[in-house]
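Have a look at the structure below before the remarks.
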Amino acid sequence: MINATFAVTMKKLLTVILLVMAGMLTWAQSVQKADQLFQSGEWQAAGEQYAQLLKRQPRSALYLYRYARCQQELGNTAEAIHYFEIAGDKYALRNLFLANLYAEQYRFDEAIQLYEIYLNQIDATHERYESTQQKLTYARKGSKLLNRVADIAVIDSVTLPKSRFLTAYQLTVQSGKIIGRKDLFSYLTERGDRQVMTVRTDSTFSLAMSEKLLNEWSEPRLLPAGVNSEQNENYPFMMSDGITLYFASDRTEGLGGYDIYITRHQIETDTWLAAENLGFPFNSCRNDYMYAVDETRGIGFFATDRHTADDSVRVYSFKIEEPAKLLKNESDDYIRLVAQLKAYRHEATQPAEDSSEIEGGESNDEHFRLVISDGLVYTDWHDFRSIDAKAMYQTWQEGEDNIAEEKHSLELNRRRYAQSSEQEKSVLKGIILTQEKTILTLEHEQKELLKKIRRQELEKIH
């Protein structure tokens, strides 16, 4: 009897041991599979695998770090930041990747701190040292410019292929004429007697000026250093005063790509003031250019390839306000959104018919349905606890309107394509592909903004 009981006990113990060993083997296989997927750059599958591992070990620095990297590669910025932050700084690259994400969100001071930490963790011979130094320089520039963000009132924006972006500049005759020839752009005054042009000098573009004398143009005269640099200058526009010149340059002291600059001619001394960067929101780490002003209507224009798909550009029109307004007494989150052109004041093209309408599209009787979390749904503007979340939701609504307009335009172009000649189809095909990419980009941005709105509200509630 005792032997039988002992045998049963040993059998049960053996079963438990086998189950434990099987579980350990399965766990080891899961860890190995996650590592293989991560190392091969299969970010979606690796992320799913690490999500499962985190259920067992939610405080594992390695799993938190790698899950964050997967989300970063997948474009889930908010989630990546969250998991990098709780992963801690056990892994040096975490500081670099998190700094990059902070910089993308214009959280420059936080990015600077992490870039400096990372640079102290590696030496000057490291393969990432030089590129990290450049990123640190960019973050420092951004931090400085974030202190003077222009509070512009946007009238409209339109996305179109870069080859056709000038069609969005509806300037009156009094504003002169912008002329584009391939990559070279010039500005011709209303009287047609003076032009600022882009010319090739060695391997770069520079700005030059020419005057019309009787029926002939003078030899183009290069503008001096301070206006021209060792890099590229292009996209000139001169105000009617004949003194104020806007242009774009990719000089090294800029934020990256082309930035928009302003300079003024000193007539008495025939000299030019050192060019000044227009700052946020006109400039970004992408390409921003062709700033132009229609003084007759009080409307300005500029182009940017941020928030757009490849080979497309968005042209913004905005109200010219004198003196220019700067953001003051606003939250840091809202200032960062405006600096990125993800939030802004909206200037209606016509006066609102309903006197109850207030700035930002909000009205006393406007209702909606916004799910914050399970069991928490907002249906009125008064439901918001966070001013920043409220402003971001207004921006989200405008984004939904923009997507609807883009989709409507895309549908019209698809119908035109079906009824067009082969020559017209070749043109429409490029436009349609650009619109499709733009819509995907906008939808992704909307998804991320909605996550941030929910998180902001939940933080305020708890």
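In the structure tokens, chains take letters A, B, ... by order of appearance, with residues numbered from 1 within each chain and ligands from 1 in the order shown.
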> If you count only C-alpha atoms, which residues fall within 10 Å of A:Gly41, apart from same-chain ones fewer than 5 positions away, as a list in words?
Replying inline: Asp35, Gln36, Ala46, Cys70 and Glu73 of chain A
For the residues selected in the previous step, produce a file with N, CA, C and O atoms as a PDB file, in the first residue's frame.
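Saved as result16.pdb:
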ATOM      1  N   ASP A  35      13.575  37.478 -30.200  1.00  0.00           N
ATOM      2  CA  ASP A  35      14.894  37.999 -30.522  1.00  0.00           C
ATOM      3  C   ASP A  35      15.178  37.896 -32.021  1.00  0.00           C
ATOM      4  O   ASP A  35      15.697  38.836 -32.639  1.00  0.00           O
ATOM      5  N   GLN A  36      14.829  36.767 -32.627  1.00  0.00           N
ATOM      6  CA  GLN A  36      15.066  36.567 -34.063  1.00  0.00           C
ATOM      7  C   GLN A  36      14.264  37.570 -34.892  1.00  0.00           C
ATOM      8  O   GLN A  36      14.779  38.156 -35.851  1.00  0.00           O
ATOM      9  N   ALA A  46       7.593  41.116 -34.133  1.00  0.00           N
ATOM     10  CA  ALA A  46       8.427  41.191 -32.930  1.00  0.00           C
ATOM     11  C   ALA A  46       7.695  41.934 -31.818  1.00  0.00           C
ATOM     12  O   ALA A  46       7.735  41.537 -30.650  1.00  0.00           O
ATOM     13  N   CYS A  70      10.158  48.536 -31.438  1.00  0.00           N
ATOM     14  CA  CYS A  70       9.212  48.052 -32.451  1.00  0.00           C
ATOM     15  C   CYS A  70       8.153  49.109 -32.739  1.00  0.00           C
ATOM     16  O   CYS A  70       7.837  49.392 -33.909  1.00  0.00           O
ATOM     17  N   GLU A  73       9.593  51.974 -34.816  1.00  0.00           N
ATOM     18  CA  GLU A  73       9.742  51.635 -36.234  1.00  0.00           C
ATOM     19  C   GLU A  73       8.391  51.566 -36.936  1.00  0.00           C
ATOM     20  O   GLU A  73       8.290  51.842 -38.132  1.00  0.00           O
TER      21      GLU A  73
END
>> Can you tell me which residues surround stretch 300-304 of chain A at a distance of at most 9 Å, considering only C-alpha atoms, apart from same-chain residues fewer than 3 positions away, and format the answer as a PyMOL selection string?
In response: chain A and resi 165+168-169+260+282-284+286-295+297+307-308+313-320
Residues of stretch 367-408 of chain A that approach stretch 451-459 of chain A to 7 Å or less, counting only C-alpha atoms: could you list each one with the shortest pair of atoms and its distance in Å to one decimal, rows by chain and increasing residue number, as a tab-separated table?
residue	atom	partner	partner_atom	distance
A:Ile372	CA	A:Arg454	CA	5.2
A:Arg385	CA	A:Glu457	CA	6.4
A:Ser386	CA	A:Glu457	CA	5.9
A:Ala389	CA	A:Ile453	CA	5.0
A:Met392	CA	A:Ile453	CA	6.6
A:Tyr393	CA	A:Ile453	CA	6.8
Let's have the selection written as a PDB file, in the first residue's frame, with all heavy atoms.
ATOM      1  N   ILE A 372     -13.211  58.356 -24.509  1.00  0.00           N
ATOM      2  CA  ILE A 372     -11.944  58.541 -23.805  1.00  0.00           C
ATOM      3  C   ILE A 372     -11.437  57.209 -23.271  1.00  0.00           C
ATOM      4  O   ILE A 372     -10.263  56.869 -23.393  1.00  0.00           O
ATOM      5  CB  ILE A 372     -12.115  59.553 -22.649  1.00  0.00           C
ATOM      6  CG1 ILE A 372     -12.536  60.924 -23.196  1.00  0.00           C
ATOM      7  CG2 ILE A 372     -10.826  59.679 -21.839  1.00  0.00           C
ATOM      8  CD1 ILE A 372     -11.514  61.580 -24.104  1.00  0.00           C
ATOM      9  N   ARG A 385     -11.520  68.242 -19.352  1.00  0.00           N
ATOM     10  CA  ARG A 385     -10.821  68.732 -18.166  1.00  0.00           C
ATOM     11  C   ARG A 385      -9.547  69.472 -18.549  1.00  0.00           C
ATOM     12  O   ARG A 385      -9.109  70.365 -17.851  1.00  0.00           O
ATOM     13  CB  ARG A 385     -10.424  67.563 -17.258  1.00  0.00           C
ATOM     14  CG  ARG A 385     -11.447  67.154 -16.222  1.00  0.00           C
ATOM     15  CD  ARG A 385     -12.629  66.419 -16.785  1.00  0.00           C
ATOM     16  NE  ARG A 385     -13.288  65.585 -15.775  1.00  0.00           N
ATOM     17  CZ  ARG A 385     -14.196  64.674 -16.070  1.00  0.00           C
ATOM     18  NH1 ARG A 385     -14.552  64.472 -17.327  1.00  0.00           N
ATOM     19  NH2 ARG A 385     -14.769  63.969 -15.116  1.00  0.00           N
ATOM     20  N   SER A 386      -8.929  69.053 -19.649  1.00  0.00           N
ATOM     21  CA  SER A 386      -7.650  69.615 -20.071  1.00  0.00           C
ATOM     22  C   SER A 386      -7.852  70.613 -21.214  1.00  0.00           C
ATOM     23  O   SER A 386      -8.454  70.284 -22.246  1.00  0.00           O
ATOM     24  CB  SER A 386      -6.716  68.489 -20.534  1.00  0.00           C
ATOM     25  OG  SER A 386      -5.607  69.002 -21.225  1.00  0.00           O
ATOM     26  N   ALA A 389      -5.982  69.270 -24.289  1.00  0.00           N
ATOM     27  CA  ALA A 389      -6.700  68.202 -24.984  1.00  0.00           C
ATOM     28  C   ALA A 389      -7.856  68.773 -25.799  1.00  0.00           C
ATOM     29  O   ALA A 389      -8.140  68.312 -26.907  1.00  0.00           O
ATOM     30  CB  ALA A 389      -7.220  67.178 -23.978  1.00  0.00           C
ATOM     31  N   MET A 392      -6.397  70.272 -28.880  1.00  0.00           N
ATOM     32  CA  MET A 392      -5.968  69.214 -29.791  1.00  0.00           C
ATOM     33  C   MET A 392      -7.160  68.549 -30.473  1.00  0.00           C
ATOM     34  O   MET A 392      -7.081  68.156 -31.642  1.00  0.00           O
ATOM     35  CB  MET A 392      -5.145  68.172 -29.036  1.00  0.00           C
ATOM     36  CG  MET A 392      -3.733  68.633 -28.693  1.00  0.00           C
ATOM     37  SD  MET A 392      -2.698  67.304 -28.017  1.00  0.00           S
ATOM     38  CE  MET A 392      -3.320  67.195 -26.348  1.00  0.00           C
ATOM     39  N   TYR A 393      -8.294  68.432 -29.743  1.00  0.00           N
ATOM     40  CA  TYR A 393      -9.465  67.807 -30.360  1.00  0.00           C
ATOM     41  C   TYR A 393     -10.043  68.705 -31.456  1.00  0.00           C
ATOM     42  O   TYR A 393     -10.548  68.214 -32.473  1.00  0.00           O
ATOM     43  CB  TYR A 393     -10.529  67.505 -29.305  1.00  0.00           C
ATOM     44  CG  TYR A 393     -11.682  66.689 -29.867  1.00  0.00           C
ATOM     45  CD1 TYR A 393     -11.456  65.405 -30.349  1.00  0.00           C
ATOM     46  CD2 TYR A 393     -12.971  67.204 -29.936  1.00  0.00           C
ATOM     47  CE1 TYR A 393     -12.478  64.644 -30.885  1.00  0.00           C
ATOM     48  CE2 TYR A 393     -14.009  66.450 -30.473  1.00  0.00           C
ATOM     49  CZ  TYR A 393     -13.757  65.164 -30.939  1.00  0.00           C
ATOM     50  OH  TYR A 393     -14.777  64.426 -31.477  1.00  0.00           O
TER      51      TYR A 393
END
> If you run DSSP on the backbone, which residues of stretch 149-250 of chain A are strand (DSSP E or B), as a PyMOL selection string?
Replying inline: chain A and resi 150+153-161+177-181+184-188+194-201+204-213+216-217+221-222+225+228+233-238+244-249
>> Just the number, please: distance in Å from atom CA of A:Ala248 to atom CA of A:Leu440, one decimal.
In response: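 Atom CA of A:Leu440 lies at a distance of 28.5 Å from atom CA of A:Ala248.
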>> Between atom CA of A:Gly256 and atom CA of A:Arg306, what distance in Å does the model show, to one decimal?
In response: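 Computing the Euclidean distance for atom CA of A:Gly256 and atom CA of A:Arg306 yields 11.6 Å.
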> Within 8 Å of A:Ala208, counting only C-alpha atoms, which residues qualify if same-chain residues fewer than 5 places away don't, as a VMD selection string?
Replying inline: chain A and resid 196 to 199 220 to 223
> Which residues, written as a ChimeraX atom specification, have at least one atom at most 8 Å from A:Val173, with only C-alpha atoms counted and residues fewer than 3 positions away on the same chain left out?
Replying inline: /A:176-177,190
>> Taking 3 positions as the minimum chain separation for residues in the same chain, which residues sit within 12 Å of A:Tyr129 when counting only C-alpha atoms? Answer as a list in words.
In response: Leu93, Leu96, Tyr115, Glu116, Ile117, Tyr118, Leu119, Asn120, Gln121, Ile122, Asp123, Ala124, Thr125, His126, Thr132, Gln133, Gln134, Lys135 and Leu136 of chain A
Those residues with N, CA, C and O atoms, as an mmCIF file, in the first residue's frame please?
data_model
loop_
_atom_site.group_PDB
_atom_site.id
_atom_site.type_symbol
_atom_site.label_atom_id
_atom_site.label_comp_id
_atom_site.auth_asym_id
_atom_site.auth_seq_id
_atom_site.Cartn_x
_atom_site.Cartn_y
_atom_site.Cartn_z
ATOM 1 N N LEU A 93 21.401 52.889 -26.046
ATOM 2 C CA LEU A 93 20.683 53.291 -27.258
ATOM 3 C C LEU A 93 19.272 53.787 -26.951
ATOM 4 O O LEU A 93 18.693 54.532 -27.736
ATOM 5 N N LEU A 96 19.322 57.494 -27.003
ATOM 6 C CA LEU A 96 19.364 58.057 -28.350
ATOM 7 C C LEU A 96 18.003 57.984 -29.020
ATOM 8 O O LEU A 96 17.504 58.980 -29.561
ATOM 9 N N TYR A 115 20.450 63.431 -25.509
ATOM 10 C CA TYR A 115 21.556 63.413 -26.474
ATOM 11 C C TYR A 115 22.893 63.588 -25.738
ATOM 12 O O TYR A 115 23.887 62.912 -26.056
ATOM 13 N N GLU A 116 22.932 64.496 -24.784
ATOM 14 C CA GLU A 116 24.160 64.739 -24.042
ATOM 15 C C GLU A 116 24.553 63.520 -23.216
ATOM 16 O O GLU A 116 25.736 63.157 -23.135
ATOM 17 N N ILE A 117 23.565 62.853 -22.606
ATOM 18 C CA ILE A 117 23.846 61.632 -21.848
ATOM 19 C C ILE A 117 24.422 60.560 -22.764
ATOM 20 O O ILE A 117 25.412 59.901 -22.441
ATOM 21 N N TYR A 118 23.797 60.386 -23.929
ATOM 22 C CA TYR A 118 24.259 59.354 -24.856
ATOM 23 C C TYR A 118 25.675 59.643 -25.351
ATOM 24 O O TYR A 118 26.509 58.721 -25.437
ATOM 25 N N LEU A 119 25.964 60.913 -25.660
ATOM 26 C CA LEU A 119 27.305 61.260 -26.136
ATOM 27 C C LEU A 119 28.363 60.991 -25.073
ATOM 28 O O LEU A 119 29.511 60.665 -25.395
ATOM 29 N N ASN A 120 27.977 61.108 -23.816
ATOM 30 C CA ASN A 120 28.907 60.799 -22.733
ATOM 31 C C ASN A 120 29.096 59.297 -22.546
ATOM 32 O O ASN A 120 30.052 58.860 -21.886
ATOM 33 N N GLN A 121 28.203 58.519 -23.113
ATOM 34 C CA GLN A 121 28.298 57.053 -22.991
ATOM 35 C C GLN A 121 29.122 56.430 -24.110
ATOM 36 O O GLN A 121 29.468 55.244 -24.042
ATOM 37 N N ILE A 122 29.416 57.201 -25.151
ATOM 38 C CA ILE A 122 30.220 56.692 -26.265
ATOM 39 C C ILE A 122 31.410 57.634 -26.454
ATOM 40 O O ILE A 122 31.452 58.717 -25.884
ATOM 41 N N ASP A 123 32.376 57.221 -27.268
ATOM 42 C CA ASP A 123 33.521 58.109 -27.513
ATOM 43 C C ASP A 123 33.435 58.684 -28.919
ATOM 44 O O ASP A 123 32.593 58.287 -29.732
ATOM 45 N N ALA A 124 34.341 59.603 -29.212
ATOM 46 C CA ALA A 124 34.285 60.350 -30.477
ATOM 47 C C ALA A 124 34.526 59.484 -31.704
ATOM 48 O O ALA A 124 34.235 59.915 -32.829
ATOM 49 N N THR A 125 35.037 58.283 -31.525
ATOM 50 C CA THR A 125 35.273 57.393 -32.667
ATOM 51 C C THR A 125 34.062 56.517 -32.986
ATOM 52 O O THR A 125 34.069 55.805 -33.986
ATOM 53 N N HIS A 126 33.048 56.578 -32.145
ATOM 54 C CA HIS A 126 31.859 55.744 -32.341
ATOM 55 C C HIS A 126 31.143 56.147 -33.633
ATOM 56 O O HIS A 126 31.077 57.329 -33.987
ATOM 57 N N THR A 132 24.897 62.040 -33.925
ATOM 58 C CA THR A 132 24.231 62.450 -32.683
ATOM 59 C C THR A 132 24.570 63.901 -32.348
ATOM 60 O O THR A 132 23.707 64.659 -31.877
ATOM 61 N N GLN A 133 25.805 64.318 -32.628
ATOM 62 C CA GLN A 133 26.190 65.713 -32.432
ATOM 63 C C GLN A 133 25.339 66.630 -33.300
ATOM 64 O O GLN A 133 24.890 67.707 -32.870
ATOM 65 N N GLN A 134 25.069 66.209 -34.530
ATOM 66 C CA GLN A 134 24.235 67.006 -35.437
ATOM 67 C C GLN A 134 22.810 67.100 -34.910
ATOM 68 O O GLN A 134 22.177 68.165 -34.983
ATOM 69 N N LYS A 135 22.311 65.990 -34.377
ATOM 70 C CA LYS A 135 20.961 65.996 -33.817
ATOM 71 C C LYS A 135 20.880 66.883 -32.577
ATOM 72 O O LYS A 135 19.875 67.568 -32.366
ATOM 73 N N LEU A 136 21.930 66.878 -31.782
ATOM 74 C CA LEU A 136 21.985 67.744 -30.605
ATOM 75 C C LEU A 136 21.970 69.212 -31.030
ATOM 76 O O LEU A 136 21.275 70.041 -30.419
#
> Which residues, written as a PyMOL selection string, have at least one atom at most 10 Å from A:Glu411, with only C-alpha atoms counted and residues fewer than 6 positions away on the same chain left out?
Replying inline: chain A and resi 405+417+432
For the residues in that selection, give me N, CA and C atoms as an mmCIF file, in the first residue's frame.
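Saved result, part_2.cif, follows:
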data_model
loop_
_atom_site.group_PDB
_atom_site.id
_atom_site.type_symbol
_atom_site.label_atom_id
_atom_site.label_comp_id
_atom_site.auth_asym_id
_atom_site.auth_seq_id
_atom_site.Cartn_x
_atom_site.Cartn_y
_atom_site.Cartn_z
ATOM 1 N N GLU A 405 -12.051 66.180 -47.384
ATOM 2 C CA GLU A 405 -11.857 66.961 -48.619
ATOM 3 C C GLU A 405 -10.888 66.248 -49.564
ATOM 4 N N TYR A 417 -10.238 60.109 -64.336
ATOM 5 C CA TYR A 417 -9.261 59.184 -64.920
ATOM 6 C C TYR A 417 -9.963 58.184 -65.840
ATOM 7 N N ILE A 432 -3.216 61.118 -58.412
ATOM 8 C CA ILE A 432 -3.992 60.164 -57.620
ATOM 9 C C ILE A 432 -3.095 59.413 -56.634
#
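Summary of the local environment: counting only C-alpha atoms, residues at most 10 Å from A:Val149, other than itself and those fewer than 2 positions away along its chain, are A:Leu145, A:Leu146, A:Asn147, A:Asp151, A:Ile152, A:Leu278, A:Gly279, A:Phe280, A:Pro281, A:Phe282, A:Lys325, A:Leu326, A:Leu327, A:Lys328, A:Ile335, A:Arg336, A:Val338, A:Ala339, A:Gln340.
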>> Just checking: using only C-alpha atoms, which residue out of A:Gln57, A:Ser186, A:Ser249, A:Thr395 ends up closest to A:Leu449?
In response: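 The closest residue to A:Leu449 is A:Thr395.
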> Of the candidates A:Ile81, A:Ala274, A:Ile86, A:Leu114, which one gets nearest to A:Leu101 if we count only C-alpha atoms?
Replying inline: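 Looking only at the distances to A:Leu101, the closest residue turns out to be A:Ile81.
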>> DSSP on the backbone: which residues in stretch 202-430 of chain A end up as alpha helix (DSSP H)? Give the answer as a PyMOL selection string.
In response: chain A and resi 332-339+387-418+422-430
> How many Å separate atom CA of A:Asp310 from atom CA of A:Thr434?
Replying inline: 7.4 Å
